[in-house]
file target15.cif (mmCIF, C-alpha atoms and all ligand atoms; chains and numbers go by the auth columns)
data_structure
loop_
_atom_site.group_PDB
_atom_site.id
_atom_site.type_symbol
_atom_site.label_atom_id
_atom_site.label_comp_id
_atom_site.label_asym_id
_atom_site.label_seq_id
_atom_site.Cartn_x
_atom_site.Cartn_y
_atom_site.Cartn_z
_atom_site.B_iso_or_equiv
_atom_site.auth_seq_id
_atom_site.auth_asym_id
ATOM 1 C CA MET A 1 -5.909 12.609 -3.487 0.00 7 A
ATOM 2 C CA GLU A 2 -5.410 9.230 -1.845 0.00 8 A
ATOM 3 C CA ASN A 3 -9.030 8.243 -2.480 0.00 9 A
ATOM 4 C CA LYS A 4 -8.408 8.129 -6.170 0.00 10 A
ATOM 5 C CA GLN A 5 -5.767 5.433 -5.927 0.00 11 A
ATOM 6 C CA LYS A 6 -8.158 2.985 -4.305 0.00 12 A
ATOM 7 C CA PRO A 7 -9.660 0.577 -6.800 0.00 13 A
ATOM 8 C CA LEU A 8 -13.413 0.791 -7.171 0.00 14 A
ATOM 9 C CA SER A 9 -15.570 -1.868 -5.598 0.00 15 A
ATOM 10 C CA LYS A 10 -17.585 -4.140 -7.863 0.00 16 A
ATOM 11 C CA ASN A 11 -20.789 -2.214 -7.183 0.00 17 A
ATOM 12 C CA GLN A 12 -19.105 1.128 -7.770 0.00 18 A
ATOM 13 C CA LYS A 13 -17.733 -0.100 -11.099 0.00 19 A
ATOM 14 C CA ILE A 14 -21.097 -1.398 -12.300 0.00 20 A
ATOM 15 C CA ILE A 15 -22.856 1.819 -11.336 0.00 21 A
ATOM 16 C CA LEU A 16 -20.156 4.048 -12.789 0.00 22 A
ATOM 17 C CA GLU A 17 -20.287 2.145 -16.089 0.00 23 A
ATOM 18 C CA TYR A 18 -24.032 2.553 -16.265 0.00 24 A
ATOM 19 C CA ILE A 19 -23.818 6.301 -15.628 0.00 25 A
ATOM 20 C CA GLN A 20 -20.999 6.727 -18.150 0.00 26 A
ATOM 21 C CA LYS A 21 -23.010 4.866 -20.793 0.00 27 A
ATOM 22 C CA ASN A 22 -25.789 7.417 -20.553 0.00 28 A
ATOM 23 C CA LYS A 23 -25.426 10.733 -22.311 0.00 29 A
ATOM 24 C CA LYS A 24 -27.958 12.331 -20.009 0.00 30 A
ATOM 25 C CA PRO A 25 -27.946 12.386 -16.227 0.00 31 A
ATOM 26 C CA VAL A 26 -29.699 9.426 -14.667 0.00 32 A
ATOM 27 C CA LYS A 27 -31.881 9.249 -11.590 0.00 33 A
ATOM 28 C CA ALA A 28 -31.220 6.880 -8.727 0.00 34 A
ATOM 29 C CA TYR A 29 -34.273 4.710 -9.372 0.00 35 A
ATOM 30 C CA SER A 30 -33.295 4.268 -12.985 0.00 36 A
ATOM 31 C CA ILE A 31 -29.790 3.279 -11.888 0.00 37 A
ATOM 32 C CA LEU A 32 -31.274 0.796 -9.429 0.00 38 A
ATOM 33 C CA SER A 33 -33.567 -0.850 -11.959 0.00 39 A
ATOM 34 C CA ASN A 34 -30.731 -1.160 -14.455 0.00 40 A
ATOM 35 C CA VAL A 35 -28.142 -2.629 -12.119 0.00 41 A
ATOM 36 C CA GLN A 36 -30.537 -5.126 -10.539 0.00 42 A
ATOM 37 C CA LYS A 37 -29.773 -7.700 -13.183 0.00 43 A
ATOM 38 C CA LYS A 38 -26.155 -7.403 -12.193 0.00 44 A
ATOM 39 C CA GLY A 39 -26.952 -8.334 -8.623 0.00 45 A
ATOM 40 C CA ILE A 40 -27.284 -4.965 -6.912 0.00 46 A
ATOM 41 C CA ASN A 41 -30.728 -5.147 -5.391 0.00 47 A
ATOM 42 C CA ALA A 42 -30.820 -2.879 -2.361 0.00 48 A
ATOM 43 C CA PRO A 43 -31.217 0.890 -2.719 0.00 49 A
ATOM 44 C CA PRO A 44 -28.688 1.528 0.108 0.00 50 A
ATOM 45 C CA GLN A 45 -26.038 -0.281 -1.959 0.00 51 A
ATOM 46 C CA VAL A 46 -26.723 2.082 -4.818 0.00 52 A
ATOM 47 C CA TYR A 47 -26.709 5.185 -2.641 0.00 53 A
ATOM 48 C CA ARG A 48 -23.489 4.162 -0.915 0.00 54 A
ATOM 49 C CA ALA A 49 -21.779 3.628 -4.246 0.00 55 A
ATOM 50 C CA LEU A 50 -23.116 6.942 -5.582 0.00 56 A
ATOM 51 C CA ASP A 51 -21.837 8.823 -2.520 0.00 57 A
ATOM 52 C CA LYS A 52 -18.415 7.319 -2.936 0.00 58 A
ATOM 53 C CA LEU A 53 -18.271 8.009 -6.671 0.00 59 A
ATOM 54 C CA ILE A 54 -19.207 11.630 -6.007 0.00 60 A
ATOM 55 C CA GLU A 55 -16.589 11.903 -3.308 0.00 61 A
ATOM 56 C CA ILE A 56 -13.807 10.696 -5.591 0.00 62 A
ATOM 57 C CA GLY A 57 -15.000 12.912 -8.450 0.00 63 A
ATOM 58 C CA LYS A 58 -16.042 10.208 -10.907 0.00 64 A
ATOM 59 C CA ILE A 59 -19.615 11.414 -11.028 0.00 65 A
ATOM 60 C CA HIS A 60 -21.460 14.577 -10.056 0.00 66 A
ATOM 61 C CA LYS A 61 -24.943 15.202 -8.767 0.00 67 A
ATOM 62 C CA VAL A 62 -27.150 17.560 -10.722 0.00 68 A
ATOM 63 C CA GLU A 63 -29.137 18.945 -7.803 0.00 69 A
ATOM 64 C CA SER A 64 -32.022 20.500 -9.709 0.00 70 A
ATOM 65 C CA GLN A 65 -32.754 17.197 -11.437 0.00 71 A
ATOM 66 C CA ASN A 66 -31.773 15.009 -8.530 0.00 72 A
ATOM 67 C CA SER A 67 -29.772 12.982 -11.008 0.00 73 A
ATOM 68 C CA PHE A 68 -26.231 11.827 -11.577 0.00 74 A
ATOM 69 C CA VAL A 69 -23.835 12.385 -14.426 0.00 75 A
ATOM 70 C CA ALA A 70 -20.364 11.066 -15.147 0.00 76 A
ATOM 71 C CA CYS A 71 -17.561 13.556 -14.765 0.00 77 A
ATOM 72 C CA LYS A 72 -16.522 14.763 -18.190 0.00 78 A
ATOM 73 C CA THR A 73 -12.855 14.672 -17.392 0.00 79 A
ATOM 74 C CA SER A 74 -13.420 11.475 -15.348 0.00 80 A
ATOM 75 C CA ASP A 75 -10.929 12.943 -12.928 0.00 81 A
ATOM 76 C CA CYS A 76 -12.394 16.104 -11.482 0.00 82 A
ATOM 77 C CA GLU A 77 -10.042 17.733 -9.054 0.00 83 A
ATOM 78 C CA THR A 78 -12.830 19.558 -7.310 0.00 84 A
ATOM 79 C CA PRO A 79 -15.664 17.108 -6.691 0.00 85 A
ATOM 80 C CA HIS A 80 -17.414 19.555 -4.372 0.00 86 A
ATOM 81 C CA ALA A 81 -17.221 22.393 -6.822 0.00 87 A
ATOM 82 C CA THR A 82 -19.238 21.746 -9.908 0.00 88 A
ATOM 83 C CA ALA A 83 -20.855 23.857 -12.567 0.00 89 A
ATOM 84 C CA PHE A 84 -23.266 22.709 -15.245 0.00 90 A
ATOM 85 C CA SER A 85 -25.127 24.244 -18.101 0.00 91 A
ATOM 86 C CA ILE A 86 -28.603 22.827 -18.510 0.00 92 A
ATOM 87 C CA CYS A 87 -30.882 23.180 -21.513 0.00 93 A
ATOM 88 C CA ASP A 88 -34.423 24.172 -20.577 0.00 94 A
ATOM 89 C CA SER A 89 -35.877 22.446 -23.618 0.00 95 A
ATOM 90 C CA CYS A 90 -34.149 19.074 -23.772 0.00 96 A
ATOM 91 C CA ASP A 91 -32.584 18.819 -20.312 0.00 97 A
ATOM 92 C CA GLU A 92 -29.168 18.335 -21.859 0.00 98 A
ATOM 93 C CA VAL A 93 -26.574 18.794 -19.135 0.00 99 A
ATOM 94 C CA SER A 94 -22.953 19.635 -19.764 0.00 100 A
ATOM 95 C CA GLU A 95 -20.226 20.086 -17.263 0.00 101 A
ATOM 96 C CA ILE A 96 -18.632 23.503 -17.424 0.00 102 A
ATOM 97 C CA ASN A 97 -14.889 23.495 -17.458 0.00 103 A
ATOM 98 C CA ASP A 98 -13.846 27.107 -17.385 0.00 104 A
ATOM 99 C CA PRO A 99 -10.592 27.867 -15.552 0.00 105 A
ATOM 100 C CA LYS A 100 -11.461 31.568 -15.353 0.00 106 A
ATOM 101 C CA LEU A 101 -14.752 30.837 -13.615 0.00 107 A
ATOM 102 C CA PHE A 102 -13.119 28.365 -11.249 0.00 108 A
ATOM 103 C CA LYS A 103 -10.389 30.787 -10.338 0.00 109 A
ATOM 104 C CA TYR A 104 -12.933 33.479 -9.606 0.00 110 A
ATOM 105 C CA LEU A 105 -14.989 31.156 -7.429 0.00 111 A
ATOM 106 C CA LEU A 106 -11.958 29.863 -5.582 0.00 112 A
ATOM 107 C CA ASP A 107 -11.199 33.392 -4.388 0.00 113 A
ATOM 108 C CA PHE A 108 -14.826 34.312 -3.872 0.00 114 A
ATOM 109 C CA LYS A 109 -15.949 35.436 -0.411 0.00 115 A
ATOM 110 C CA ASP A 110 -19.355 36.669 0.591 0.00 116 A
ATOM 111 C CA ASN A 111 -19.889 40.005 2.371 0.00 117 A
ATOM 112 C CA SER A 112 -19.306 38.496 5.794 0.00 118 A
ATOM 113 C CA GLY A 113 -15.994 37.109 4.635 0.00 119 A
ATOM 114 C CA ILE A 114 -16.936 33.465 4.554 0.00 120 A
ATOM 115 C CA LYS A 115 -14.744 31.515 2.225 0.00 121 A
ATOM 116 C CA PHE A 116 -16.511 28.579 0.670 0.00 122 A
ATOM 117 C CA ASP A 117 -15.427 24.970 0.400 0.00 123 A
ATOM 118 C CA GLY A 118 -17.677 24.062 -2.438 0.00 124 A
ATOM 119 C CA TYR A 119 -20.405 25.136 -4.774 0.00 125 A
ATOM 120 C CA ASN A 120 -22.978 23.624 -7.021 0.00 126 A
ATOM 121 C CA LEU A 121 -23.758 25.869 -9.930 0.00 127 A
ATOM 122 C CA GLU A 122 -26.337 25.330 -12.601 0.00 128 A
ATOM 123 C CA PHE A 123 -26.806 27.675 -15.531 0.00 129 A
ATOM 124 C CA PHE A 124 -29.991 27.441 -17.539 0.00 130 A
ATOM 125 C CA GLY A 125 -30.511 28.294 -21.178 0.00 131 A
ATOM 126 C CA THR A 126 -31.161 26.792 -24.568 0.00 132 A
ATOM 127 C CA CYS A 127 -28.563 24.475 -26.055 0.00 133 A
ATOM 128 C CA LYS A 128 -27.254 24.887 -29.607 0.00 134 A
ATOM 129 C CA SER A 129 -29.259 22.048 -31.104 0.00 135 A
ATOM 130 C CA CYS A 130 -32.538 23.213 -29.537 0.00 136 A
ATOM 131 C CA GLU A 131 -31.884 26.766 -30.686 0.00 137 A
ATOM 132 C CA THR A 132 -31.556 25.758 -34.317 0.00 138 A
ATOM 133 C CA SER A 133 -34.435 23.275 -34.477 0.00 139 A
HETATM 134 ZN ZN ZN B . -16.189 16.791 -13.182 0.00 201 B
HETATM 135 ZN ZN ZN B . -31.497 21.420 -25.808 0.00 202 B
#
call {"tool": "encode", "arguments": {"input": "target15.cif", "output": "structure tokens", "more": "lines below"}}
Ligand SMILES: [Zn+2]
Ligand SMILES: [Zn+2]
result
Amino acid sequence: MENKQKPLSKNQKIILEYIQKNKKPVKAYSILSNVQKKGINAPPQVYRALDKLIEIGKIHKVESQNSFVACKTSDCETPHATAFSICDSCDEVSEINDPKLFKYLLDFKDNSGIKFDGYNLEFFGTCKSCETS
């Protein structure tokens, strides 16, 4: 995709680094308060950068938490088709990377025959470390 060749803007880089540093997904206000010391003060600057980073597949939005997480592969080929597993106990989010699932969803049509351009899946359960503790 041509988007990916474009170098990131300064704001995009700062925000991407902050999201990558965090193991857990981060909310927009927490991003804003952490990048303020680096000179990004206006919420629209943050939202613009987030939109762009999502579009080029560097980060994903976790809809149920309204938060953002760095792409695990840092080069997702399908930025509008994401799947996550989320732990109900600790809110741990991991990106699912299952070629079988993706292939199934790529061919998936609903009963009316609509073929979909994207999806946003979230699977809920208990993660390994919560299960054993
Ligand atoms: Zn990804
Ligand atoms: Zn857990």
call {"tool": "resolve_selection", "arguments": {"input": "target15.cif", "expression": "the PyMOL selection byres (((not hetatm)) within 12 of (chain B and resi 201))", "output": "PyMOL selection string"}}
result
chain A and resi 59-68+74-90+100-104+126
call {"tool": "residues_near_ligand", "arguments": {"input": "target15.cif", "ligand": "ligand ZN 202 (chain B)", "cutoff": "12 Å", "atoms": "only C-alpha atoms and all ligand atoms", "output": "count of residues only"}}
result
21
call {"tool": "closest_residue", "arguments": {"input": "target15.cif", "among": "A:Asn117, A:Val41, A:Tyr110, A:Phe122", "to": "A:Glu23", "atoms": "only C-alpha atoms"}}
result
A:Val41
call {"tool": "atom_distance", "arguments": {"input": "target15.cif", "atom1": "atom CA of A:Lys109", "atom2": "atom CA of A:Tyr125"}}
result
12.8 Å
call {"tool": "residues_around", "arguments": {"input": "target15.cif", "residues": "stretch 52-54 of chain A", "least_positions_apart": "3", "cutoff": "12 Å", "atoms": "all atoms listed in the file", "output": "JSON, numbers by chain"}}
result
{"A": [15, 16, 17, 18, 19, 20, 21, 22, 24, 25, 33, 34, 35, 36, 37, 38, 39, 40, 41, 42, 45, 46, 47, 48, 49, 57, 58, 59, 60, 61, 67, 73, 74]}
call {"tool": "write_last_selection", "arguments": {"input": "target15.cif", "atoms": "C-alpha atoms", "output": "compact mmCIF listing (two decimals), in the frame of the given file"}}
result
# COMPACT_ATOMS: atom_id res chain seq x y z
CA SER A 15 -15.57 -1.87 -5.60
CA LYS A 16 -17.58 -4.14 -7.86
CA ASN A 17 -20.79 -2.21 -7.18
CA GLN A 18 -19.10 1.13 -7.77
CA LYS A 19 -17.73 -0.10 -11.10
CA ILE A 20 -21.10 -1.40 -12.30
CA ILE A 21 -22.86 1.82 -11.34
CA LEU A 22 -20.16 4.05 -12.79
CA TYR A 24 -24.03 2.55 -16.26
CA ILE A 25 -23.82 6.30 -15.63
CA LYS A 33 -31.88 9.25 -11.59
CA ALA A 34 -31.22 6.88 -8.73
CA TYR A 35 -34.27 4.71 -9.37
CA SER A 36 -33.30 4.27 -12.98
CA ILE A 37 -29.79 3.28 -11.89
CA LEU A 38 -31.27 0.80 -9.43
CA SER A 39 -33.57 -0.85 -11.96
CA ASN A 40 -30.73 -1.16 -14.46
CA VAL A 41 -28.14 -2.63 -12.12
CA GLN A 42 -30.54 -5.13 -10.54
CA GLY A 45 -26.95 -8.33 -8.62
CA ILE A 46 -27.28 -4.96 -6.91
CA ASN A 47 -30.73 -5.15 -5.39
CA ALA A 48 -30.82 -2.88 -2.36
CA PRO A 49 -31.22 0.89 -2.72
CA ASP A 57 -21.84 8.82 -2.52
CA LYS A 58 -18.42 7.32 -2.94
CA LEU A 59 -18.27 8.01 -6.67
CA ILE A 60 -19.21 11.63 -6.01
CA GLU A 61 -16.59 11.90 -3.31
CA LYS A 67 -24.94 15.20 -8.77
CA SER A 73 -29.77 12.98 -11.01
CA PHE A 74 -26.23 11.83 -11.58
call {"tool": "closest_residue", "arguments": {"input": "target15.cif", "among": "A:Gly124, A:Pro31, A:Ala55, A:Gln71", "to": "A:Leu112", "atoms": "all atoms listed in the file"}}
result
A:Gly124
call {"tool": "closest_residue", "arguments": {"input": "target15.cif", "among": "A:Val32, A:Pro50, A:Leu56, A:Lys121", "to": "A:Leu14", "atoms": "all atoms listed in the file"}}
result
A:Leu56
call {"tool": "axis_aligned_box", "arguments": {"input": "target15.cif", "around": "stretch 49-58 of chain A", "padding_each_side": "4 Å", "output": "lines of an AutoDock Vina configuration file"}}
result
center_x = -24.8
center_y = 4.3
center_z = -2.7
size_x = 20.8
size_y = 17.1
size_z = 13.7
call {"tool": "atom_distance", "arguments": {"input": "target15.cif", "atom1": "atom CA of A:Lys29", "atom2": "atom CA of A:Leu127"}}
result
19.6 Å
call {"tool": "atom_distance", "arguments": {"input": "target15.cif", "atom1": "atom CA of A:Phe114", "atom2": "atom CA of A:Glu128"}}
result
17.0 Å
call {"tool": "build_atoms", "arguments": {"input": "target15.cif", "residues": "stretch 38-65 of chain A", "atoms": "N, CA and C atoms", "output": "mmCIF file, in the coordinates of the input"}}
result
data_model
loop_
_atom_site.group_PDB
_atom_site.id
_atom_site.type_symbol
_atom_site.label_atom_id
_atom_site.label_comp_id
_atom_site.auth_asym_id
_atom_site.auth_seq_id
_atom_site.Cartn_x
_atom_site.Cartn_y
_atom_site.Cartn_z
ATOM 1 N N LEU A 38 -30.935 2.015 -10.176
ATOM 2 C CA LEU A 38 -31.274 0.796 -9.429
ATOM 3 C C LEU A 38 -31.901 -0.252 -10.339
ATOM 4 N N SER A 39 -32.881 0.154 -11.152
ATOM 5 C CA SER A 39 -33.567 -0.850 -11.959
ATOM 6 C C SER A 39 -32.648 -1.411 -13.034
ATOM 7 N N ASN A 40 -31.637 -0.653 -13.430
ATOM 8 C CA ASN A 40 -30.731 -1.160 -14.455
ATOM 9 C C ASN A 40 -29.586 -1.998 -13.918
ATOM 10 N N VAL A 41 -29.245 -1.830 -12.650
ATOM 11 C CA VAL A 41 -28.142 -2.629 -12.119
ATOM 12 C C VAL A 41 -28.648 -3.867 -11.372
ATOM 13 N N GLN A 42 -29.980 -3.976 -11.247
ATOM 14 C CA GLN A 42 -30.537 -5.126 -10.539
ATOM 15 C C GLN A 42 -30.140 -6.438 -11.195
ATOM 16 N N LYS A 43 -30.136 -6.449 -12.515
ATOM 17 C CA LYS A 43 -29.773 -7.700 -13.183
ATOM 18 C C LYS A 43 -28.309 -8.051 -12.974
ATOM 19 N N LYS A 44 -27.558 -7.098 -12.489
ATOM 20 C CA LYS A 44 -26.155 -7.403 -12.193
ATOM 21 C C LYS A 44 -25.947 -7.717 -10.719
ATOM 22 N N GLY A 45 -27.052 -7.839 -9.988
ATOM 23 C CA GLY A 45 -26.952 -8.334 -8.623
ATOM 24 C C GLY A 45 -26.948 -7.269 -7.542
ATOM 25 N N ILE A 46 -27.175 -6.002 -7.940
ATOM 26 C CA ILE A 46 -27.284 -4.965 -6.912
ATOM 27 C C ILE A 46 -28.766 -4.703 -6.691
ATOM 28 N N ASN A 47 -29.285 -5.185 -5.581
ATOM 29 C CA ASN A 47 -30.728 -5.147 -5.391
ATOM 30 C C ASN A 47 -31.210 -4.118 -4.384
ATOM 31 N N ALA A 48 -30.366 -3.738 -3.448
ATOM 32 C CA ALA A 48 -30.820 -2.879 -2.361
ATOM 33 C C ALA A 48 -30.479 -1.421 -2.646
ATOM 34 N N PRO A 49 -31.483 -0.538 -2.522
ATOM 35 C CA PRO A 49 -31.217 0.890 -2.719
ATOM 36 C C PRO A 49 -30.027 1.412 -1.911
ATOM 37 N N PRO A 50 -29.848 0.990 -0.628
ATOM 38 C CA PRO A 50 -28.688 1.528 0.108
ATOM 39 C C PRO A 50 -27.347 1.208 -0.560
ATOM 40 N N GLN A 51 -27.274 0.047 -1.239
ATOM 41 C CA GLN A 51 -26.038 -0.281 -1.959
ATOM 42 C C GLN A 51 -25.779 0.739 -3.057
ATOM 43 N N VAL A 52 -26.860 1.106 -3.741
ATOM 44 C CA VAL A 52 -26.723 2.082 -4.818
ATOM 45 C C VAL A 52 -26.326 3.448 -4.258
ATOM 46 N N TYR A 53 -27.007 3.863 -3.198
ATOM 47 C CA TYR A 53 -26.709 5.185 -2.641
ATOM 48 C C TYR A 53 -25.301 5.263 -2.075
ATOM 49 N N ARG A 54 -24.861 4.173 -1.435
ATOM 50 C CA ARG A 54 -23.489 4.162 -0.915
ATOM 51 C C ARG A 54 -22.475 4.314 -2.037
ATOM 52 N N ALA A 55 -22.706 3.559 -3.119
ATOM 53 C CA ALA A 55 -21.779 3.628 -4.246
ATOM 54 C C ALA A 55 -21.803 5.019 -4.880
ATOM 55 N N LEU A 56 -22.999 5.606 -5.000
ATOM 56 C CA LEU A 56 -23.116 6.942 -5.582
ATOM 57 C C LEU A 56 -22.349 7.969 -4.743
ATOM 58 N N ASP A 57 -22.541 7.896 -3.417
ATOM 59 C CA ASP A 57 -21.837 8.823 -2.520
ATOM 60 C C ASP A 57 -20.330 8.744 -2.708
ATOM 61 N N LYS A 58 -19.856 7.529 -2.795
ATOM 62 C CA LYS A 58 -18.415 7.319 -2.936
ATOM 63 C C LYS A 58 -17.921 7.850 -4.287
ATOM 64 N N LEU A 59 -18.673 7.562 -5.335
ATOM 65 C CA LEU A 59 -18.271 8.009 -6.671
ATOM 66 C C LEU A 59 -18.268 9.535 -6.760
ATOM 67 N N ILE A 60 -19.199 10.166 -6.044
ATOM 68 C CA ILE A 60 -19.207 11.630 -6.007
ATOM 69 C C ILE A 60 -17.977 12.129 -5.266
ATOM 70 N N GLU A 61 -17.709 11.481 -4.146
ATOM 71 C CA GLU A 61 -16.589 11.903 -3.308
ATOM 72 C C GLU A 61 -15.261 11.842 -4.050
ATOM 73 N N ILE A 62 -15.082 10.816 -4.877
ATOM 74 C CA ILE A 62 -13.807 10.696 -5.591
ATOM 75 C C ILE A 62 -13.844 11.394 -6.949
ATOM 76 N N GLY A 63 -14.960 12.078 -7.253
ATOM 77 C CA GLY A 63 -15.000 12.912 -8.450
ATOM 78 C C GLY A 63 -15.274 12.181 -9.746
ATOM 79 N N LYS A 64 -15.738 10.942 -9.669
ATOM 80 C CA LYS A 64 -16.042 10.208 -10.907
ATOM 81 C C LYS A 64 -17.397 10.611 -11.473
ATOM 82 N N ILE A 65 -18.307 10.947 -10.583
ATOM 83 C CA ILE A 65 -19.615 11.414 -11.028
ATOM 84 C C ILE A 65 -19.963 12.688 -10.254
#
